[in-house]
file model30.tsv (TSV, C-alpha atoms)
chain	number	residue	atom	x	y	z
A	1	MET	CA	5.52	69.51	21.64
A	2	GLN	CA	7.06	72.99	21.73
A	3	GLN	CA	10.56	73.10	23.21
A	4	ARG	CA	10.80	75.24	26.33
A	5	ALA	CA	13.15	78.19	26.34
A	6	THR	CA	16.31	78.13	28.39
A	7	ILE	CA	18.45	81.01	29.62
A	8	THR	CA	22.05	80.67	28.42
A	9	GLU	CA	25.18	82.79	28.65
A	10	GLN	CA	24.47	83.89	25.07
A	11	ASN	CA	21.03	85.37	25.72
A	12	ARG	CA	21.68	86.47	29.30
A	13	PRO	CA	22.86	89.98	28.21
A	14	ALA	CA	19.41	90.55	26.66
A	15	LEU	CA	17.61	89.97	29.95
A	16	PRO	CA	15.50	92.84	31.30
A	17	ARG	CA	16.75	94.90	34.21
A	18	HIS	CA	13.27	95.16	35.72
A	19	VAL	CA	10.45	92.61	35.51
A	20	ALA	CA	7.02	93.36	36.97
A	21	ILE	CA	4.41	90.66	37.55
A	22	ILE	CA	0.67	90.88	38.13
A	23	MET	CA	0.03	87.84	40.31
A	24	ASP	CA	-3.43	86.95	39.03
A	25	GLY	CA	-5.59	83.84	39.12
A	26	ASN	CA	-5.27	82.67	42.73
A	27	GLY	CA	-9.03	82.64	43.33
A	28	ARG	CA	-9.81	80.78	40.11
A	29	TRP	CA	-7.06	78.25	40.87
A	30	ALA	CA	-8.71	77.54	44.23
A	31	ALA	CA	-12.21	77.36	42.72
A	32	GLN	CA	-11.08	74.79	40.16
A	33	ARG	CA	-9.98	72.57	43.06
A	34	GLY	CA	-12.98	73.16	45.29
A	35	LEU	CA	-10.86	75.11	47.78
A	36	LEU	CA	-11.37	78.37	49.60
A	37	ARG	CA	-9.99	81.44	47.82
A	38	SER	CA	-7.58	81.89	50.73
A	39	GLU	CA	-5.96	78.57	49.75
A	40	GLY	CA	-5.35	80.01	46.31
A	41	HIS	CA	-3.61	83.01	47.80
A	42	ARG	CA	-1.38	80.72	49.89
A	43	ALA	CA	-0.46	78.82	46.73
A	44	GLY	CA	0.22	82.17	45.10
A	45	VAL	CA	2.79	82.95	47.81
A	46	ASP	CA	4.60	79.72	46.92
A	47	ALA	CA	4.70	80.85	43.27
A	48	PHE	CA	6.00	84.26	44.33
A	49	GLU	CA	8.85	82.71	46.29
A	50	ARG	CA	9.67	80.31	43.45
A	51	ILE	CA	9.81	82.99	40.77
A	52	CYS	CA	11.57	85.51	43.00
A	53	GLU	CA	14.38	83.07	43.78
A	54	HIS	CA	14.75	82.09	40.14
A	55	ALA	CA	14.73	85.65	38.80
A	56	ALA	CA	17.30	86.78	41.35
A	57	ASP	CA	19.53	83.83	40.45
A	58	LEU	CA	19.34	84.90	36.80
A	59	GLY	CA	20.53	88.36	37.73
A	60	ILE	CA	17.32	90.35	37.32
A	61	ALA	CA	18.12	93.51	39.28
A	62	HIS	CA	14.58	94.74	39.97
A	63	LEU	CA	11.37	92.78	40.51
A	64	THR	CA	7.94	94.22	41.24
A	65	PHE	CA	5.01	92.02	42.28
A	66	TYR	CA	1.42	93.26	42.37
A	67	ALA	CA	0.19	91.72	45.62
A	68	PHE	CA	-2.83	93.77	46.75
A	69	SER	CA	-4.41	96.65	44.87
A	70	ALA	CA	-6.17	99.69	46.30
A	71	GLU	CA	-9.33	98.25	44.71
A	72	ASN	CA	-8.96	94.87	46.44
A	73	TRP	CA	-10.49	96.28	49.63
A	74	ALA	CA	-13.85	95.86	47.86
A	75	ARG	CA	-13.51	92.07	47.96
A	76	PRO	CA	-15.50	90.05	50.54
A	77	GLN	CA	-14.32	90.87	54.07
A	78	GLY	CA	-13.37	87.27	54.75
A	79	GLU	CA	-11.01	87.22	51.78
A	80	VAL	CA	-9.48	90.58	52.76
A	81	ASP	CA	-8.95	89.34	56.33
A	82	ALA	CA	-7.30	86.17	55.00
A	83	LEU	CA	-4.96	88.23	52.83
A	84	MET	CA	-3.98	90.46	55.76
A	85	ALA	CA	-3.29	87.34	57.84
A	86	LEU	CA	-1.15	86.01	54.99
A	87	PHE	CA	0.84	89.25	54.85
A	88	ARG	CA	1.43	89.04	58.61
A	89	ARG	CA	2.61	85.45	58.36
A	90	GLN	CA	4.98	86.14	55.48
A	91	LEU	CA	6.43	89.24	57.11
A	92	SER	CA	6.95	87.40	60.39
A	93	GLU	CA	8.54	84.47	58.56
A	94	ALA	CA	10.90	86.81	56.71
A	95	LYS	CA	11.89	88.34	60.04
A	96	ARG	CA	12.80	84.90	61.38
A	97	ARG	CA	14.87	84.22	58.23
A	98	ARG	CA	16.85	87.43	58.48
A	99	VAL	CA	20.28	85.80	58.11
A	100	GLU	CA	19.16	83.83	55.06
A	101	ASN	CA	17.72	86.97	53.50
A	102	GLU	CA	20.97	88.84	54.09
A	103	GLN	CA	22.88	86.10	52.30
A	104	LYS	CA	20.58	86.49	49.28
A	105	ARG	CA	21.31	90.25	49.31
A	106	TRP	CA	17.73	91.15	48.45
A	107	ARG	CA	16.49	94.62	49.20
A	108	ILE	CA	12.80	94.38	50.08
A	109	ARG	CA	10.63	97.41	49.35
A	110	TYR	CA	6.90	97.88	49.73
A	111	ILE	CA	5.18	100.31	47.40
A	112	GLY	CA	1.69	101.72	47.73
A	113	ASP	CA	-0.24	103.84	50.19
A	114	LEU	CA	1.54	102.94	53.41
A	115	GLN	CA	0.56	106.02	55.39
A	116	PRO	CA	-0.14	105.45	59.12
A	117	GLY	CA	-3.83	105.70	59.85
A	118	GLY	CA	-4.72	104.42	56.39
A	119	LEU	CA	-6.41	101.20	55.42
A	120	LEU	CA	-3.48	98.87	56.14
A	121	PRO	CA	-3.42	97.63	59.76
A	122	ALA	CA	-0.82	99.28	62.00
A	123	ASP	CA	0.89	96.00	62.90
A	124	ILE	CA	1.45	95.18	59.22
A	125	LEU	CA	2.88	98.66	58.62
A	126	ALA	CA	5.27	98.16	61.55
A	127	LEU	CA	6.48	94.85	60.10
A	128	VAL	CA	6.86	96.48	56.68
A	129	ASP	CA	8.99	99.29	58.14
A	130	GLU	CA	11.17	96.79	59.96
A	131	MET	CA	11.67	94.61	56.88
A	132	GLN	CA	12.57	97.58	54.70
A	133	ALA	CA	15.03	98.94	57.26
A	134	GLU	CA	16.74	95.58	57.76
A	135	SER	CA	17.31	95.04	54.03
A	136	SER	CA	18.08	98.64	53.08
A	137	MET	CA	21.80	97.99	52.55
A	138	GLN	CA	21.37	94.93	50.32
A	139	ASP	CA	22.49	95.42	46.73
A	140	LYS	CA	21.85	92.34	44.57
A	141	THR	CA	18.14	92.39	43.77
A	142	VAL	CA	15.44	94.92	44.67
A	143	VAL	CA	12.12	93.18	45.31
A	144	ASN	CA	9.15	95.53	45.31
A	145	LEU	CA	5.87	94.30	46.73
A	146	ALA	CA	2.92	96.47	45.75
A	147	ILE	CA	0.28	96.47	48.50
A	148	ASN	CA	-2.62	98.89	48.81
A	149	TYR	CA	-1.30	100.08	45.47
A	150	GLY	CA	-2.96	101.87	42.57
A	151	GLY	CA	-1.26	103.49	39.61
A	152	GLN	CA	-3.69	106.39	39.42
A	153	GLN	CA	-3.34	106.95	43.16
A	154	GLU	CA	0.46	106.94	42.76
A	155	ILE	CA	0.41	109.59	40.02
A	156	LEU	CA	-2.09	111.69	41.98
A	157	GLN	CA	0.09	111.77	45.10
A	158	ALA	CA	3.11	112.70	42.97
A	159	VAL	CA	1.20	115.59	41.39
A	160	LYS	CA	0.01	116.76	44.81
A	161	GLN	CA	3.58	116.81	46.10
A	162	LEU	CA	4.70	118.94	43.17
A	163	ALA	CA	1.65	121.18	43.42
A	164	GLN	CA	2.50	121.85	47.06
A	165	ALA	CA	6.07	122.71	46.11
A	166	CYS	CA	4.77	125.13	43.48
A	167	ALA	CA	2.28	126.70	45.92
A	168	THR	CA	5.04	127.44	48.43
A	169	GLY	CA	7.33	128.86	45.77
A	170	GLU	CA	9.87	126.05	45.97
A	171	ARG	CA	9.25	125.13	42.35
A	172	ASP	CA	8.22	126.99	39.21
A	173	PRO	CA	5.38	125.13	37.45
A	174	ALA	CA	6.89	125.99	34.05
A	175	SER	CA	10.11	124.19	35.00
A	176	LEU	CA	8.53	120.83	35.89
A	177	THR	CA	9.64	117.82	33.88
A	178	GLU	CA	8.76	114.15	33.56
A	179	GLN	CA	11.75	113.41	35.78
A	180	ASP	CA	10.22	115.53	38.55
A	181	ILE	CA	7.11	113.34	38.52
A	182	GLU	CA	9.19	110.16	38.45
A	183	ALA	CA	11.09	111.38	41.50
A	184	GLN	CA	7.80	111.47	43.45
A	185	LEU	CA	6.63	107.99	42.46
A	186	TYR	CA	6.81	104.99	44.81
A	187	THR	CA	9.48	103.51	42.51
A	188	ALA	CA	11.71	106.63	42.55
A	189	GLY	CA	15.33	105.78	41.85
A	190	GLN	CA	14.54	102.53	40.04
A	191	PRO	CA	14.41	101.92	36.29
A	192	PRO	CA	10.96	101.47	34.75
A	193	PRO	CA	9.88	97.88	34.08
A	194	ASP	CA	11.20	96.47	30.83
A	195	LEU	CA	8.79	93.54	30.94
A	196	ILE	CA	5.39	93.13	32.56
A	197	ILE	CA	4.07	89.59	32.93
A	198	ARG	CA	0.40	88.82	33.51
A	199	PRO	CA	-0.77	85.22	33.84
A	200	SER	CA	-4.38	83.97	34.16
A	201	GLY	CA	-5.66	84.97	30.72
A	202	GLU	CA	-6.39	88.62	31.45
A	203	GLN	CA	-4.81	91.23	29.17
A	204	ARG	CA	-4.91	94.52	31.02
A	205	LEU	CA	-2.81	96.50	33.47
A	206	SER	CA	-5.47	96.78	36.19
A	207	ASN	CA	-4.09	100.10	37.45
A	208	PHE	CA	-0.55	98.75	37.82
A	209	LEU	CA	2.54	100.92	37.18
A	210	LEU	CA	0.65	103.19	34.78
A	211	TRP	CA	3.37	105.83	34.50
A	212	GLN	CA	6.29	103.42	34.59
A	213	SER	CA	4.90	101.09	31.90
A	214	ALA	CA	4.96	103.67	29.09
A	215	TYR	CA	7.47	101.61	27.08
A	216	ALA	CA	7.26	98.24	28.83
A	217	GLU	CA	6.92	95.03	26.87
A	218	PHE	CA	4.01	92.77	27.85
A	219	TRP	CA	3.78	89.00	28.10
A	220	PHE	CA	0.42	87.35	28.72
A	221	SER	CA	-0.36	83.74	29.57
A	222	ASP	CA	-3.44	81.66	30.39
A	223	ILE	CA	-1.57	79.95	33.24
A	224	LEU	CA	-3.03	80.74	36.66
A	225	TRP	CA	-0.46	82.32	38.96
A	226	PRO	CA	-0.11	79.44	41.47
A	227	ASP	CA	0.86	77.17	38.55
A	228	PHE	CA	3.36	79.64	37.06
A	229	SER	CA	6.71	77.89	36.83
A	230	THR	CA	10.32	78.90	36.38
A	231	ALA	CA	10.08	77.46	32.85
A	232	ASP	CA	7.16	79.82	32.15
A	233	PHE	CA	9.24	82.72	33.44
A	234	ASP	CA	12.14	81.70	31.21
A	235	GLN	CA	9.78	81.57	28.23
A	236	ALA	CA	8.65	85.14	28.94
A	237	LEU	CA	12.28	86.26	29.12
A	238	ALA	CA	13.17	84.45	25.87
A	239	ASP	CA	10.23	86.08	24.08
A	240	TYR	CA	11.25	89.46	25.46
A	241	ALA	CA	14.82	88.99	24.20
A	242	LYS	CA	13.53	88.61	20.62
A	243	ARG	CA	11.67	91.94	20.61
A	244	ASN	CA	12.99	95.12	19.03
A	245	ARG	CA	12.46	97.96	21.49
A	246	ARG	CA	12.48	101.20	19.51
A	247	TYR	CA	11.04	103.61	22.11
A	248	GLY	CA	9.15	105.47	19.41
A	249	GLY	CA	12.08	105.57	16.99
A	250	ALA	CA	12.28	104.03	13.52
call {"tool": "encode", "arguments": {"input": "model30.tsv", "output": "structure tokens"}}
result
Amino acid sequence: MQQRATITEQNRPALPRHVAIIMDGNGRWAAQRGLLRSEGHRAGVDAFERICEHAADLGIAHLTFYAFSAENWARPQGEVDALMALFRRQLSEAKRRRVENEQKRWRIRYIGDLQPGGLLPADILALVDEMQAESSMQDKTVVNLAINYGGQQEILQAVKQLAQACATGERDPASLTEQDIEAQLYTAGQPPPDLIIRPSGEQRLSNFLLWQSAYAEFWFSDILWPDFSTADFDQALADYAKRNRRYGGA
């Protein structure tokens, strides 16, 4: 039996600053157990909380979780409604646990198309705004939750912002840099992900952090997200620590 990796003081300096996770496999987990897909998503929330706590305790400064993509609106309406209800419940629960959250010193951020009048319900947007405002001064771990998110959509809105600035004469198109685009992304001000984890057996980005993942390391697993454990997370970190990141150099 293969020995599981452990995080020690010796390998802790090699830990990534930013870990992003595609939380995949909730529906299949539920189907394997004869449950509704909504039950899989609830189990996925438990996995999110488990891994978030563990990663923050290890000192990971930035975490990004892919919770609901811009393409997920095409799922059956009943599943979409169940996911929106789950978001409401979790946001309301976080509001009730405000003191506990402050003690953890987590800064909660939501990334994606969060424009009023968009596809996300107004009451969810109001809860999102409140949660972000309440945690804005926290400084230990930034937890990004990507909802109504798409990487292509993110790049497009960044380009539109810069195009508008060029059209009004605020910017010279010839002067634009990669940093200018990064400053318009939902993750502006944060380092790009060092490691992207995708469980469930799929090996693709699925429109997640397309710009930011240019030099990310990837770790794939057949484990369905609700079953993803802290030991699995540690294994991903240990594998990451062994890699030689050359960023295009020799």
call {"tool": "residues_around", "arguments": {"input": "model30.tsv", "residues": "Ile155 (chain A)", "least_positions_apart": "5", "cutoff": "10 Å", "atoms": "all atoms listed in the file", "output": "ChimeraX atom specification"}}
result
/A:150,160-161,181-182,184-186,209-211
call {"tool": "residues_around", "arguments": {"input": "model30.tsv", "residues": "region 102-105 of chain A", "least_positions_apart": "6", "cutoff": "7 Å", "atoms": "only C-alpha atoms", "output": "list in words"}}
result
Gln138, Asp139, Lys140 and Thr141 of chain A
call {"tool": "write_last_selection", "arguments": {"input": "model30.tsv", "atoms": "C-alpha atoms", "output": "CSV table (one decimal), in the frame of the given file"}}
result
chain,number,residue,atom,x,y,z
A,138,GLN,CA,21.4,94.9,50.3
A,139,ASP,CA,22.5,95.4,46.7
A,140,LYS,CA,21.8,92.3,44.6
A,141,THR,CA,18.1,92.4,43.8
call {"tool": "closest_residue", "arguments": {"input": "model30.tsv", "among": "A:Leu15, A:Gln77, A:Leu120, A:Gln115", "to": "Ala56 (chain A)", "atoms": "only C-alpha atoms"}}
result
A:Leu15
call {"tool": "atom_distance", "arguments": {"input": "model30.tsv", "atom1": "CA of Ala67 (chain A)", "atom2": "CA of Asp24 (chain A)"}}
result
8.9 Å
call {"tool": "atom_distance", "arguments": {"input": "model30.tsv", "atom1": "CA of Val143 (chain A)", "atom2": "CA of Gly189 (chain A)"}}
result
13.5 Å
call {"tool": "atom_distance", "arguments": {"input": "model30.tsv", "atom1": "CA of Pro191 (chain A)", "atom2": "CA of Gln212 (chain A)"}}
result
8.4 Å
call {"tool": "closest_residue", "arguments": {"input": "model30.tsv", "among": "A:Ala70, A:Ala146, A:Gly27, A:Val99", "to": "Leu119 (chain A)", "atoms": "all atoms listed in the file"}}
result
A:Ala70
call {"tool": "residues_around", "arguments": {"input": "model30.tsv", "residues": "Arg28 (chain A)", "least_positions_apart": "4", "cutoff": "8 Å", "atoms": "all atoms listed in the file", "output": "PyMOL selection string"}}
result
chain A and resi 32+37+40+224
call {"tool": "axis_aligned_box", "arguments": {"input": "model30.tsv", "around": "region 143-150 of chain A", "padding_each_side": "5 Å", "output": "lines of an AutoDock Vina configuration file"}}
result
center_x = 4.6
center_y = 97.5
center_z = 45.7
size_x = 25.1
size_y = 18.7
size_z = 16.2
